[in-house]
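This is my_file.pdb. It holds PDB, C-alpha atoms.
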```pdb
ATOM      1  CA  MET A  12      32.673   9.817  29.672
ATOM      2  CA  THR A  13      32.665   7.929  26.377
ATOM      3  CA  GLU A  14      29.833   5.843  24.999
ATOM      4  CA  SER A  15      29.365   2.887  22.723
ATOM      5  CA  ALA A  16      32.464   0.823  23.386
ATOM      6  CA  LEU A  17      33.646  -2.227  21.505
ATOM      7  CA  GLU A  18      36.642  -4.345  22.497
ATOM      8  CA  LEU A  19      38.359  -6.831  20.244
ATOM      9  CA  ARG A  20      41.032  -9.253  21.371
ATOM     10  CA  PHE A  21      42.940 -11.190  18.767
ATOM     11  CA  LEU A  22      46.327 -12.683  18.039
ATOM     12  CA  SER A  23      49.048 -11.080  15.962
ATOM     13  CA  HIS A  24      48.243 -13.119  12.880
ATOM     14  CA  ALA A  25      47.924 -11.071   9.705
ATOM     15  CA  GLU A  26      44.908 -13.164   8.684
ATOM     16  CA  ASN A  27      42.984 -11.389  11.452
ATOM     17  CA  LEU A  28      43.395  -7.991   9.816
ATOM     18  CA  ALA A  29      40.476  -8.325   7.412
ATOM     19  CA  SER A  30      38.003  -9.168  10.170
ATOM     20  CA  VAL A  31      39.246  -6.343  12.356
ATOM     21  CA  ARG A  32      38.977  -3.886   9.462
ATOM     22  CA  ALA A  33      35.368  -4.876   8.943
ATOM     23  CA  CYS A  34      34.595  -4.247  12.627
ATOM     24  CA  VAL A  35      36.327  -0.874  12.615
ATOM     25  CA  ASP A  36      34.459   0.138   9.462
ATOM     26  CA  ARG A  37      31.091  -0.752  10.958
ATOM     27  CA  PHE A  38      31.867   1.035  14.209
ATOM     28  CA  ALA A  39      33.027   4.163  12.398
ATOM     29  CA  ALA A  40      29.815   4.098  10.358
ATOM     30  CA  SER A  41      27.737   3.723  13.514
ATOM     31  CA  VAL A  42      29.186   6.904  15.006
ATOM     32  CA  GLY A  43      28.508   8.815  11.813
ATOM     33  CA  PHE A  44      31.684   8.979   9.727
ATOM     34  CA  ASP A  45      31.219   9.245   5.980
ATOM     35  CA  GLU A  46      32.674   6.709   3.571
ATOM     36  CA  GLU A  47      35.828   8.655   2.821
ATOM     37  CA  ARG A  48      36.794   9.168   6.444
ATOM     38  CA  ARG A  49      35.821   5.619   7.323
ATOM     39  CA  GLY A  50      38.226   4.440   4.668
ATOM     40  CA  ARG A  51      41.011   6.505   6.180
ATOM     41  CA  ILE A  52      40.227   5.349   9.714
ATOM     42  CA  VAL A  53      40.206   1.692   8.671
ATOM     43  CA  LEU A  54      43.492   2.092   6.825
ATOM     44  CA  ALA A  55      45.190   3.874   9.724
ATOM     45  CA  VAL A  56      44.058   1.294  12.269
ATOM     46  CA  ASP A  57      45.229  -1.460   9.917
ATOM     47  CA  GLU A  58      48.619   0.242   9.777
ATOM     48  CA  ALA A  59      48.821   0.495  13.569
ATOM     49  CA  ILE A  60      48.002  -3.191  13.978
ATOM     50  CA  THR A  61      50.454  -4.116  11.237
ATOM     51  CA  ASN A  62      53.159  -2.213  13.106
ATOM     52  CA  SER A  63      52.313  -4.173  16.227
ATOM     53  CA  ILE A  64      52.510  -7.460  14.340
ATOM     54  CA  ARG A  65      55.731  -6.703  12.504
ATOM     55  CA  HIS A  66      57.681  -4.588  14.951
ATOM     56  CA  GLY A  67      56.100  -5.401  18.284
ATOM     57  CA  TYR A  68      55.963  -9.113  17.783
ATOM     58  CA  GLY A  69      58.549  -9.601  15.033
ATOM     59  CA  SER A  70      55.821 -11.208  12.873
ATOM     60  CA  ARG A  71      55.078 -13.862  15.487
ATOM     61  CA  THR A  72      51.488 -14.997  15.144
ATOM     62  CA  ASP A  73      50.739 -15.694  18.806
ATOM     63  CA  GLY A  74      51.040 -12.237  20.346
ATOM     64  CA  PRO A  75      47.908 -10.821  22.020
ATOM     65  CA  ILE A  76      46.508  -7.550  20.694
ATOM     66  CA  THR A  77      43.596  -5.612  22.166
ATOM     67  CA  LEU A  78      41.653  -3.001  20.221
ATOM     68  CA  ARG A  79      39.090  -0.787  21.924
ATOM     69  CA  LEU A  80      36.715   1.477  20.037
ATOM     70  CA  ALA A  81      34.646   4.132  21.751
ATOM     71  CA  GLU A  82      32.618   7.117  20.701
ATOM     72  CA  LEU A  83      33.928  10.472  21.830
ATOM     73  CA  ASP A  84      31.765  12.937  23.696
ATOM     74  CA  GLY A  85      30.459  15.257  21.017
ATOM     75  CA  GLY A  86      30.921  12.613  18.335
ATOM     76  CA  GLY A  87      33.878  10.865  16.791
ATOM     77  CA  VAL A  88      36.010   7.910  17.696
ATOM     78  CA  ARG A  89      38.716   7.000  20.184
ATOM     79  CA  ILE A  90      40.727   3.931  19.326
ATOM     80  CA  GLU A  91      43.074   2.259  21.783
ATOM     81  CA  LEU A  92      45.455  -0.442  20.655
ATOM     82  CA  GLU A  93      47.593  -2.436  23.075
ATOM     83  CA  ASP A  94      50.098  -5.202  22.638
ATOM     84  CA  GLU A  95      52.639  -6.995  24.793
ATOM     85  CA  GLY A  96      55.496  -6.904  22.342
ATOM     86  CA  LYS A  97      58.764  -5.049  21.977
ATOM     87  CA  GLN A  98      58.787  -1.507  23.225
ATOM     88  CA  VAL A  99      60.018   1.472  21.246
ATOM     89  CA  ASP A 100      60.784   5.048  22.166
ATOM     90  CA  PRO A 101      57.701   7.030  21.116
ATOM     91  CA  GLY A 102      59.998   9.880  20.178
ATOM     92  CA  ASN A 103      61.330   7.734  17.353
ATOM     93  CA  LEU A 104      57.890   7.265  15.804
ATOM     94  CA  THR A 105      58.115  10.058  13.298
ATOM     95  CA  PRO A 106      56.943  10.004   9.679
ATOM     96  CA  ARG A 107      59.702   9.614   7.138
ATOM     97  CA  ASP A 108      60.423  11.883   4.207
ATOM     98  CA  LEU A 109      57.926  10.933   1.483
ATOM     99  CA  SER A 110      60.191  12.224  -1.244
ATOM    100  CA  ASP A 111      62.457   9.267  -0.459
ATOM    101  CA  VAL A 112      60.701   6.686  -2.628
ATOM    102  CA  ARG A 113      61.331   3.274  -1.158
ATOM    103  CA  PRO A 114      59.271   0.359   0.097
ATOM    104  CA  GLY A 115      57.916   0.633   3.608
ATOM    105  CA  GLY A 116      57.833   3.235   6.339
ATOM    106  CA  LEU A 117      54.475   4.787   5.505
ATOM    107  CA  GLY A 118      52.469   3.569   8.466
ATOM    108  CA  ILE A 119      53.219   6.386  10.898
ATOM    109  CA  HIS A 120      52.547   9.008   8.228
ATOM    110  CA  ILE A 121      49.193   7.427   7.416
ATOM    111  CA  ILE A 122      48.231   7.257  11.095
ATOM    112  CA  ARG A 123      49.275  10.824  11.917
ATOM    113  CA  SER A 124      47.580  12.224   8.825
ATOM    114  CA  THR A 125      44.303  10.540   9.733
ATOM    115  CA  PHE A 126      43.760  11.148  13.431
ATOM    116  CA  GLN A 127      43.646  14.496  15.186
ATOM    117  CA  ASN A 128      45.324  13.097  18.276
ATOM    118  CA  CYS A 129      47.852  10.269  18.332
ATOM    119  CA  ARG A 130      49.756   9.045  21.355
ATOM    120  CA  TRP A 131      52.143   6.126  21.752
ATOM    121  CA  VAL A 132      53.089   5.053  25.274
ATOM    122  CA  ARG A 133      55.334   2.329  26.594
ATOM    123  CA  LYS A 134      53.347   0.174  28.965
ATOM    124  CA  GLN A 135      54.712  -0.543  32.394
ATOM    125  CA  ASP A 136      56.033  -4.066  31.909
ATOM    126  CA  THR A 137      56.067  -4.756  28.199
ATOM    127  CA  GLY A 138      54.323  -3.679  25.037
ATOM    128  CA  MET A 139      52.940  -0.470  23.654
ATOM    129  CA  ALA A 140      49.642   1.371  23.981
ATOM    130  CA  VAL A 141      48.441   3.579  21.135
ATOM    131  CA  THR A 142      45.558   6.037  21.473
ATOM    132  CA  LEU A 143      44.035   7.589  18.357
ATOM    133  CA  GLU A 144      41.221  10.138  18.321
ATOM    134  CA  LEU A 145      39.230  11.718  15.539
ATOM    135  CA  PRO A 146      36.291  14.007  16.353
ATOM    136  CA  LEU A 147      33.384  13.734  13.965
ATOM    137  CA  THR A 148      33.638  17.424  13.151
ATOM    138  CA  SER A 149      37.322  17.430  12.257
ATOM    139  CA  SER A 150      38.598  17.277   8.693
ATOM    140  CA  LEU A 151      41.319  14.956   7.485
ATOM    141  CA  LYS A 152      44.727  16.608   7.544
ATOM    142  CA  ASP A 153      45.873  15.171   4.289
ATOM    143  CA  LEU A 154      42.857  14.702   2.060
ATOM    144  CA  PRO A 155      43.798  12.808  -1.088
ATOM    145  CA  ARG A 156      43.408  14.652  -4.324
ATOM    146  CA  ARG A 157      40.356  13.456  -6.188
ATOM    147  CA  ALA A 158      40.832  11.834  -9.578
ATOM    148  CA  PRO A 159      39.622  13.983 -12.503
TER     149      PRO A 159
ATOM    150  CA  MET J  25      43.808 -22.906   5.173
ATOM    151  CA  PRO J  26      43.413 -19.179   4.432
ATOM    152  CA  PRO J  27      42.657 -18.265   0.805
ATOM    153  CA  SER J  28      45.653 -17.302  -1.314
ATOM    154  CA  LEU J  29      45.770 -14.158  -3.407
ATOM    155  CA  GLN J  30      44.126 -14.716  -6.775
ATOM    156  CA  ILE J  31      46.130 -13.267  -9.645
ATOM    157  CA  GLN J  32      44.980 -13.558 -13.238
ATOM    158  CA  THR J  33      47.450 -13.027 -16.049
ATOM    159  CA  GLU J  34      47.103 -12.011 -19.655
ATOM    160  CA  SER J  35      49.895 -12.071 -22.196
ATOM    161  CA  ILE J  36      50.000  -9.042 -24.420
ATOM    162  CA  ALA J  37      52.092  -8.235 -27.441
ATOM    163  CA  ASN J  38      54.799  -6.439 -25.550
ATOM    164  CA  GLY J  39      54.491  -7.902 -22.085
ATOM    165  CA  MET J  40      52.054  -9.058 -19.476
ATOM    166  CA  VAL J  41      48.970  -7.903 -17.582
ATOM    167  CA  LEU J  42      48.615  -8.998 -13.972
ATOM    168  CA  ARG J  43      45.225  -8.768 -12.338
ATOM    169  CA  PRO J  44      45.268  -9.434  -8.567
ATOM    170  CA  SER J  45      41.953  -9.562  -6.772
ATOM    171  CA  GLY J  46      40.870  -9.038  -3.196
ATOM    172  CA  GLU J  47      42.346  -7.030  -0.365
ATOM    173  CA  ILE J  48      46.093  -6.635  -0.278
ATOM    174  CA  ASP J  49      47.334  -6.276   3.270
ATOM    175  CA  LEU J  50      50.084  -7.793   5.399
ATOM    176  CA  ALA J  51      48.484 -11.228   4.935
ATOM    177  CA  ARG J  52      48.340 -11.103   1.146
ATOM    178  CA  SER J  53      51.145  -8.742   0.125
ATOM    179  CA  PRO J  54      53.929 -11.358   0.394
ATOM    180  CA  GLU J  55      52.242 -13.393  -2.327
ATOM    181  CA  LEU J  56      51.943 -10.343  -4.550
ATOM    182  CA  ARG J  57      55.574  -9.460  -3.897
ATOM    183  CA  LEU J  58      56.752 -12.905  -4.929
ATOM    184  CA  ARG J  59      54.641 -12.915  -8.060
ATOM    185  CA  LEU J  60      55.768  -9.453  -9.099
ATOM    186  CA  ARG J  61      59.400 -10.476  -8.672
ATOM    187  CA  GLU J  62      58.844 -13.468 -10.938
ATOM    188  CA  GLU J  63      57.095 -11.383 -13.585
ATOM    189  CA  VAL J  64      59.691  -8.620 -13.609
ATOM    190  CA  ASP J  65      62.516 -11.160 -13.672
ATOM    191  CA  ALA J  66      60.977 -12.596 -16.841
ATOM    192  CA  LEU J  67      62.029  -9.289 -18.455
ATOM    193  CA  PRO J  68      58.841  -8.186 -20.190
ATOM    194  CA  ARG J  69      59.041  -4.844 -21.962
ATOM    195  CA  ARG J  70      55.795  -3.818 -20.311
ATOM    196  CA  LEU J  71      54.113  -4.997 -17.118
ATOM    197  CA  VAL J  72      50.597  -3.755 -16.492
ATOM    198  CA  ILE J  73      49.098  -4.242 -13.053
ATOM    199  CA  ASP J  74      45.325  -4.033 -13.305
ATOM    200  CA  LEU J  75      44.009  -3.148  -9.844
ATOM    201  CA  SER J  76      40.322  -3.051 -10.780
ATOM    202  CA  ALA J  77      39.621  -6.069  -8.575
ATOM    203  CA  VAL J  78      41.583  -4.803  -5.567
ATOM    204  CA  GLY J  79      39.187  -3.170  -3.144
ATOM    205  CA  TYR J  80      41.714  -2.384  -0.446
ATOM    206  CA  MET J  81      45.446  -1.951  -0.125
ATOM    207  CA  ASP J  82      47.557  -0.941   2.841
ATOM    208  CA  SER J  83      51.149   0.224   2.934
ATOM    209  CA  SER J  84      52.487  -3.324   2.762
ATOM    210  CA  GLY J  85      50.764  -3.685  -0.596
ATOM    211  CA  VAL J  86      52.081  -0.334  -1.723
ATOM    212  CA  ALA J  87      55.570  -1.411  -0.664
ATOM    213  CA  THR J  88      55.409  -4.425  -2.955
ATOM    214  CA  LEU J  89      54.526  -2.173  -5.868
ATOM    215  CA  VAL J  90      57.327   0.251  -5.028
ATOM    216  CA  GLU J  91      59.768  -2.626  -4.940
ATOM    217  CA  ALA J  92      58.440  -3.890  -8.249
ATOM    218  CA  LEU J  93      58.814  -0.419  -9.745
ATOM    219  CA  GLN J  94      62.438  -0.241  -8.642
ATOM    220  CA  ARG J  95      63.200  -3.707  -9.990
ATOM    221  CA  SER J  96      61.397  -2.969 -13.246
ATOM    222  CA  LYS J  97      63.502   0.122 -13.826
ATOM    223  CA  THR J  98      66.665  -1.898 -13.326
ATOM    224  CA  ALA J  99      65.318  -4.552 -15.686
ATOM    225  CA  GLY J 100      64.342  -2.063 -18.378
ATOM    226  CA  CYS J 101      60.671  -2.901 -17.973
ATOM    227  CA  ARG J 102      57.923  -0.297 -18.066
ATOM    228  CA  LEU J 103      55.552  -0.845 -15.146
ATOM    229  CA  ILE J 104      52.100   0.693 -15.382
ATOM    230  CA  LEU J 105      49.285   0.573 -12.831
ATOM    231  CA  CYS J 106      45.700   0.916 -13.979
ATOM    232  CA  CYS J 107      42.092   0.951 -12.825
ATOM    233  CA  LEU J 108      42.733   2.009  -9.247
ATOM    234  CA  GLN J 109      39.642   1.941  -7.065
ATOM    235  CA  PRO J 110      39.076   5.044  -4.888
ATOM    236  CA  LYS J 111      40.439   3.520  -1.682
ATOM    237  CA  VAL J 112      43.573   2.336  -3.446
ATOM    238  CA  ARG J 113      44.010   5.642  -5.227
ATOM    239  CA  SER J 114      43.688   7.307  -1.839
ATOM    240  CA  ILE J 115      46.663   5.536  -0.288
ATOM    241  CA  PHE J 116      48.782   6.409  -3.311
ATOM    242  CA  ALA J 117      47.809  10.050  -2.871
ATOM    243  CA  ILE J 118      48.434  10.001   0.889
ATOM    244  CA  SER J 119      51.908   8.592   0.338
ATOM    245  CA  ARG J 120      52.604  10.927  -2.607
ATOM    246  CA  LEU J 121      53.206   7.942  -4.870
ATOM    247  CA  ASP J 122      50.524   8.910  -7.371
ATOM    248  CA  THR J 123      53.104  11.033  -9.160
ATOM    249  CA  VAL J 124      55.832   8.400  -8.971
ATOM    250  CA  PHE J 125      53.978   5.574 -10.658
ATOM    251  CA  GLU J 126      52.631   5.633 -14.195
ATOM    252  CA  ILE J 127      48.868   5.237 -13.638
ATOM    253  CA  ALA J 128      46.407   4.628 -16.459
ATOM    254  CA  LEU J 129      42.640   4.814 -16.231
ATOM    255  CA  SER J 130      42.012   1.636 -18.212
ATOM    256  CA  VAL J 131      43.720  -1.573 -19.244
ATOM    257  CA  ASP J 132      43.557  -0.600 -22.894
ATOM    258  CA  ASP J 133      45.244   2.698 -22.130
ATOM    259  CA  ALA J 134      47.928   0.907 -20.121
ATOM    260  CA  LYS J 135      48.566  -1.564 -22.921
ATOM    261  CA  THR J 136      48.985   0.998 -25.658
ATOM    262  CA  ARG J 137      50.320   4.205 -24.156
TER     263      ARG J 137
END
```
Written as structure tokens, how would this file's structure read?
Amino acid sequence: MTESALELRFLSHAENLASVRACVDRFAASVGFDEERRGRIVLAVDEAITNSIRHGYGSRTDGPITLRLAELDGGGVRIELEDEGKQVDPGNLTPRDLSDVRPGGLGIHIIRSTFQNCRWVRKQDTGMAVTLELPLTSSLKDLPRRAP
Amino acid sequence: MPPSLQIQTESIANGMVLRPSGEIDLARSPELRLRLREEVDALPRRLVIDLSAVGYMDSSGVATLVEALQRSKTAGCRLILCCLQPKVRSIFAISRLDTVFEIALSVDDAKTR
């Protein structure tokens, strides 16, 4: 049983990203994440929504997106993102080789390096559902090196 | 009408300093991309991108900088980033691009190195 749920429904317009980021940041703070991990969570959720906008909806601005935030038992966050756009094979959602320096393609890497559990599922009729979980006690998999 | 990306510019002896401000995400990165293309196409010897006023950047923003870096190399222009805030520095580290870009700690350092 999870507690403290928040549900956001918005359209696939990139102008909505800033508002959604602010909500995610506040929710992550309310369940106890420190600033560094909040920053990573916000970024990763932003990337997931951006993928929905660009790849799910082909950058259309009228596609519905639902974001649910809940606190995990024992602390942490579960984030569920759903759209009604184009479906992809979850097996194809793998991070690319970072040594290949080129624009784009970083979203999946950022998401997988932030959350302990990530799952992409094709919904029954159309669209994708993404579930991301990060327990409060877990450490980030890919902590950035601190500047000297 | 949503606000456009604010970008200040400063001419320097051997090129240009660009200073975008705000959060660079999918909504704002196209504007940055266009502006960077214009600046690189003007063939400065040095293009400094001062990110001190950028509080957030996602991978779409990073992609615009990667594209600018590639174009600058073709154009014979030295592209230098400077003054990265912690959240922006973080995404460069996550994506292993902190060793690909030339990153200075200050504008003065970026202008003269």
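For range 118-120 of chain A, the residues within 8 Å (counting all atoms listed in the file, excluding itself and residues fewer than 6 positions away along the chain) are Ala55, Glu58, Ala59, Asn62, Leu104, Thr105, Pro106 and Arg107 of chain A; Ser83 and Ser119 of chain J.
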_Set the distance at 8 Å and use all atoms listed in the file: which residues neighbour range 88-102 of chain A once local chain neighbours fewer than 3 positions away are removed? I'd like the list as an NGL selection string._
:A and (39 or 42 or 59-60 or 63 or 66-68 or 74-83 or 105 or 131-133 or 137-147)
_Expansion of the PyMOL selection byres ((chain J and resi 85) around 10) into residues, as a ChimeraX atom specification_ = /A:114-115 /J:47-57,80-84,86-90,112
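Among the candidates A:Glu47, A:Gln135, A:Ile122, A:Ala25, the residue lying nearest to chain J is A:Ala25 (atoms considered: all atoms listed in the file).
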*Apply the PyMOL selection byres ((chain A) within 9 of (chain J)) to the structure shown and report the selected residues as number ranges by chain.*
A: 24-29, 47, 50-51, 54-55, 57-58, 61, 109-110, 112-118, 120-121, 124, 153-158
Selection above as a file: C-alpha atoms, as a JSON list (two decimals), in the coordinates of the input:
```json
[["chain", "number", "residue", "atom", "x", "y", "z"],
["A", 24, "HIS", "CA", 48.24, -13.12, 12.88],
["A", 25, "ALA", "CA", 47.92, -11.07, 9.70],
["A", 26, "GLU", "CA", 44.91, -13.16, 8.68],
["A", 27, "ASN", "CA", 42.98, -11.39, 11.45],
["A", 28, "LEU", "CA", 43.40, -7.99, 9.82],
["A", 29, "ALA", "CA", 40.48, -8.32, 7.41],
["A", 47, "GLU", "CA", 35.83, 8.65, 2.82],
["A", 50, "GLY", "CA", 38.23, 4.44, 4.67],
["A", 51, "ARG", "CA", 41.01, 6.50, 6.18],
["A", 54, "LEU", "CA", 43.49, 2.09, 6.82],
["A", 55, "ALA", "CA", 45.19, 3.87, 9.72],
["A", 57, "ASP", "CA", 45.23, -1.46, 9.92],
["A", 58, "GLU", "CA", 48.62, 0.24, 9.78],
["A", 61, "THR", "CA", 50.45, -4.12, 11.24],
["A", 109, "LEU", "CA", 57.93, 10.93, 1.48],
["A", 110, "SER", "CA", 60.19, 12.22, -1.24],
["A", 112, "VAL", "CA", 60.70, 6.69, -2.63],
["A", 113, "ARG", "CA", 61.33, 3.27, -1.16],
["A", 114, "PRO", "CA", 59.27, 0.36, 0.10],
["A", 115, "GLY", "CA", 57.92, 0.63, 3.61],
["A", 116, "GLY", "CA", 57.83, 3.24, 6.34],
["A", 117, "LEU", "CA", 54.48, 4.79, 5.50],
["A", 118, "GLY", "CA", 52.47, 3.57, 8.47],
["A", 120, "HIS", "CA", 52.55, 9.01, 8.23],
["A", 121, "ILE", "CA", 49.19, 7.43, 7.42],
["A", 124, "SER", "CA", 47.58, 12.22, 8.82],
["A", 153, "ASP", "CA", 45.87, 15.17, 4.29],
["A", 154, "LEU", "CA", 42.86, 14.70, 2.06],
["A", 155, "PRO", "CA", 43.80, 12.81, -1.09],
["A", 156, "ARG", "CA", 43.41, 14.65, -4.32],
["A", 157, "ARG", "CA", 40.36, 13.46, -6.19],
["A", 158, "ALA", "CA", 40.83, 11.83, -9.58]]
```
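Residues in contact range of Ala77 in chain J, defined as at most 9 Å between all atoms listed in the file, with sequence neighbours fewer than 6 positions away removed, read Arg43, Pro44, Ser45, Gly46, Glu47, Cys107, Leu108 and Gln109 of chain J.
Here the PyMOL selection byres ((chain J and resi 38) around 9) captures the residues Ser35, Ile36, Ala37, Gly39, Met40, Pro68, Arg69, Arg70, Leu71 and Lys135 of chain J.
For the pair CA of Val72 in chain J and CA of Val131 in chain J, the separation is 7.7 Å.
Distance-wise, CA of Arg32 in chain A and CA of Val53 in chain A end up 5.8 Å apart.
Compared by their closest atoms to Phe126 in chain A, and using all atoms listed in the file, the residues A:Gly69, A:Ile64, A:Asn103, A:Arg48 rank with A:Arg48 nearest.
One finds CA of Arg65 in chain A at 28.0 Å from CA of Asp74 in chain J.
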Where's the centre, and what are the edge lengths in Å to one decimal, of a box along x, y and z enclosing all listed atoms of range 113-118 of chain A padded 8 Å per side, as JSON?
```
{"center_x": 56.9, "center_y": 2.6, "center_z": 3.7, "size_x": 24.9, "size_y": 20.4, "size_z": 25.6}
```
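Considering the residues J:Leu58, J:Asp65, J:Arg137, J:Glu34 and counting only C-alpha atoms, Gly100 in chain J has its shortest atom-to-atom contact with J:Asp65.
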*Rank nothing, just name the residue among J:Val64, J:Ala99, J:Ile73, J:Leu105 nearest to Val41 in chain J, using all atoms listed in the file.*
J:Ile73
*Please check which residues have atoms at most 8 Å from (50.7, -17.1, 13.8) in the file's coordinates, counting only C-alpha atoms, and write them as a PyMOL selection string.*
chain A and resi 22-25+70-73
Would you save the residues from that selection as a JSON list (two decimals), in the frame of the given file, using C-alpha atoms?
```json
[["chain", "number", "residue", "atom", "x", "y", "z"],
["A", 22, "LEU", "CA", 46.33, -12.68, 18.04],
["A", 23, "SER", "CA", 49.05, -11.08, 15.96],
["A", 24, "HIS", "CA", 48.24, -13.12, 12.88],
["A", 25, "ALA", "CA", 47.92, -11.07, 9.70],
["A", 70, "SER", "CA", 55.82, -11.21, 12.87],
["A", 71, "ARG", "CA", 55.08, -13.86, 15.49],
["A", 72, "THR", "CA", 51.49, -15.00, 15.14],
["A", 73, "ASP", "CA", 50.74, -15.69, 18.81]]
```
Reconstruct N, CA and C atoms of range 61-84 of chain J from the incomplete input and present them as a PDB file, in the coordinates of the input.
```
ATOM      1  N   ARG J  61      57.969 -10.200  -8.447  1.00  0.00           N
ATOM      2  CA  ARG J  61      59.400 -10.476  -8.672  1.00  0.00           C
ATOM      3  C   ARG J  61      59.569 -11.429  -9.852  1.00  0.00           C
ATOM      4  N   GLU J  62      58.758 -12.477  -9.868  1.00  0.00           N
ATOM      5  CA  GLU J  62      58.844 -13.468 -10.938  1.00  0.00           C
ATOM      6  C   GLU J  62      58.541 -12.817 -12.281  1.00  0.00           C
ATOM      7  N   GLU J  63      57.503 -11.985 -12.309  1.00  0.00           N
ATOM      8  CA  GLU J  63      57.095 -11.383 -13.585  1.00  0.00           C
ATOM      9  C   GLU J  63      58.141 -10.387 -14.077  1.00  0.00           C
ATOM     10  N   VAL J  64      58.673  -9.591 -13.188  1.00  0.00           N
ATOM     11  CA  VAL J  64      59.691  -8.620 -13.609  1.00  0.00           C
ATOM     12  C   VAL J  64      60.961  -9.342 -14.046  1.00  0.00           C
ATOM     13  N   ASP J  65      61.308 -10.403 -13.337  1.00  0.00           N
ATOM     14  CA  ASP J  65      62.516 -11.160 -13.672  1.00  0.00           C
ATOM     15  C   ASP J  65      62.407 -11.853 -15.028  1.00  0.00           C
ATOM     16  N   ALA J  66      61.174 -12.018 -15.508  1.00  0.00           N
ATOM     17  CA  ALA J  66      60.977 -12.596 -16.841  1.00  0.00           C
ATOM     18  C   ALA J  66      61.270 -11.579 -17.942  1.00  0.00           C
ATOM     19  N   LEU J  67      61.589 -10.366 -17.564  1.00  0.00           N
ATOM     20  CA  LEU J  67      62.029  -9.289 -18.455  1.00  0.00           C
ATOM     21  C   LEU J  67      61.026  -8.939 -19.546  1.00  0.00           C
ATOM     22  N   PRO J  68      59.766  -8.687 -19.174  1.00  0.00           N
ATOM     23  CA  PRO J  68      58.841  -8.186 -20.190  1.00  0.00           C
ATOM     24  C   PRO J  68      59.165  -6.725 -20.496  1.00  0.00           C
ATOM     25  N   ARG J  69      58.811  -6.259 -21.670  1.00  0.00           N
ATOM     26  CA  ARG J  69      59.041  -4.844 -21.962  1.00  0.00           C
ATOM     27  C   ARG J  69      58.033  -3.985 -21.214  1.00  0.00           C
ATOM     28  N   ARG J  70      56.852  -4.572 -20.974  1.00  0.00           N
ATOM     29  CA  ARG J  70      55.795  -3.818 -20.311  1.00  0.00           C
ATOM     30  C   ARG J  70      55.082  -4.736 -19.326  1.00  0.00           C
ATOM     31  N   LEU J  71      54.866  -4.263 -18.127  1.00  0.00           N
ATOM     32  CA  LEU J  71      54.113  -4.997 -17.118  1.00  0.00           C
ATOM     33  C   LEU J  71      52.999  -4.100 -16.615  1.00  0.00           C
ATOM     34  N   VAL J  72      51.772  -4.517 -16.911  1.00  0.00           N
ATOM     35  CA  VAL J  72      50.597  -3.755 -16.492  1.00  0.00           C
ATOM     36  C   VAL J  72      49.993  -4.447 -15.284  1.00  0.00           C
ATOM     37  N   ILE J  73      49.746  -3.685 -14.236  1.00  0.00           N
ATOM     38  CA  ILE J  73      49.098  -4.242 -13.053  1.00  0.00           C
ATOM     39  C   ILE J  73      47.709  -3.636 -12.970  1.00  0.00           C
ATOM     40  N   ASP J  74      46.729  -4.451 -13.295  1.00  0.00           N
ATOM     41  CA  ASP J  74      45.325  -4.033 -13.305  1.00  0.00           C
ATOM     42  C   ASP J  74      44.766  -4.208 -11.896  1.00  0.00           C
ATOM     43  N   LEU J  75      44.463  -3.097 -11.237  1.00  0.00           N
ATOM     44  CA  LEU J  75      44.009  -3.148  -9.844  1.00  0.00           C
ATOM     45  C   LEU J  75      42.493  -2.989  -9.720  1.00  0.00           C
ATOM     46  N   SER J  76      41.774  -3.241 -10.817  1.00  0.00           N
ATOM     47  CA  SER J  76      40.322  -3.051 -10.780  1.00  0.00           C
ATOM     48  C   SER J  76      39.636  -3.975  -9.790  1.00  0.00           C
ATOM     49  N   ALA J  77      40.239  -5.101  -9.485  1.00  0.00           N
ATOM     50  CA  ALA J  77      39.621  -6.069  -8.575  1.00  0.00           C
ATOM     51  C   ALA J  77      40.221  -6.019  -7.176  1.00  0.00           C
ATOM     52  N   VAL J  78      40.989  -4.971  -6.894  1.00  0.00           N
ATOM     53  CA  VAL J  78      41.583  -4.803  -5.567  1.00  0.00           C
ATOM     54  C   VAL J  78      40.802  -3.712  -4.846  1.00  0.00           C
ATOM     55  N   GLY J  79      40.040  -4.117  -3.843  1.00  0.00           N
ATOM     56  CA  GLY J  79      39.187  -3.170  -3.144  1.00  0.00           C
ATOM     57  C   GLY J  79      39.863  -2.457  -1.993  1.00  0.00           C
ATOM     58  N   TYR J  80      41.025  -2.976  -1.590  1.00  0.00           N
ATOM     59  CA  TYR J  80      41.714  -2.384  -0.446  1.00  0.00           C
ATOM     60  C   TYR J  80      43.194  -2.708  -0.545  1.00  0.00           C
ATOM     61  N   MET J  81      44.004  -1.720  -0.176  1.00  0.00           N
ATOM     62  CA  MET J  81      45.446  -1.951  -0.125  1.00  0.00           C
ATOM     63  C   MET J  81      46.031  -1.124   1.003  1.00  0.00           C
ATOM     64  N   ASP J  82      46.887  -1.729   1.806  1.00  0.00           N
ATOM     65  CA  ASP J  82      47.557  -0.941   2.841  1.00  0.00           C
ATOM     66  C   ASP J  82      49.001  -0.698   2.424  1.00  0.00           C
ATOM     67  N   SER J  83      49.796  -0.176   3.335  1.00  0.00           N
ATOM     68  CA  SER J  83      51.149   0.224   2.934  1.00  0.00           C
ATOM     69  C   SER J  83      52.033  -0.981   2.618  1.00  0.00           C
ATOM     70  N   SER J  84      51.693  -2.149   3.125  1.00  0.00           N
ATOM     71  CA  SER J  84      52.487  -3.324   2.762  1.00  0.00           C
ATOM     72  C   SER J  84      52.259  -3.673   1.293  1.00  0.00           C
TER      73      SER J  84
END
```
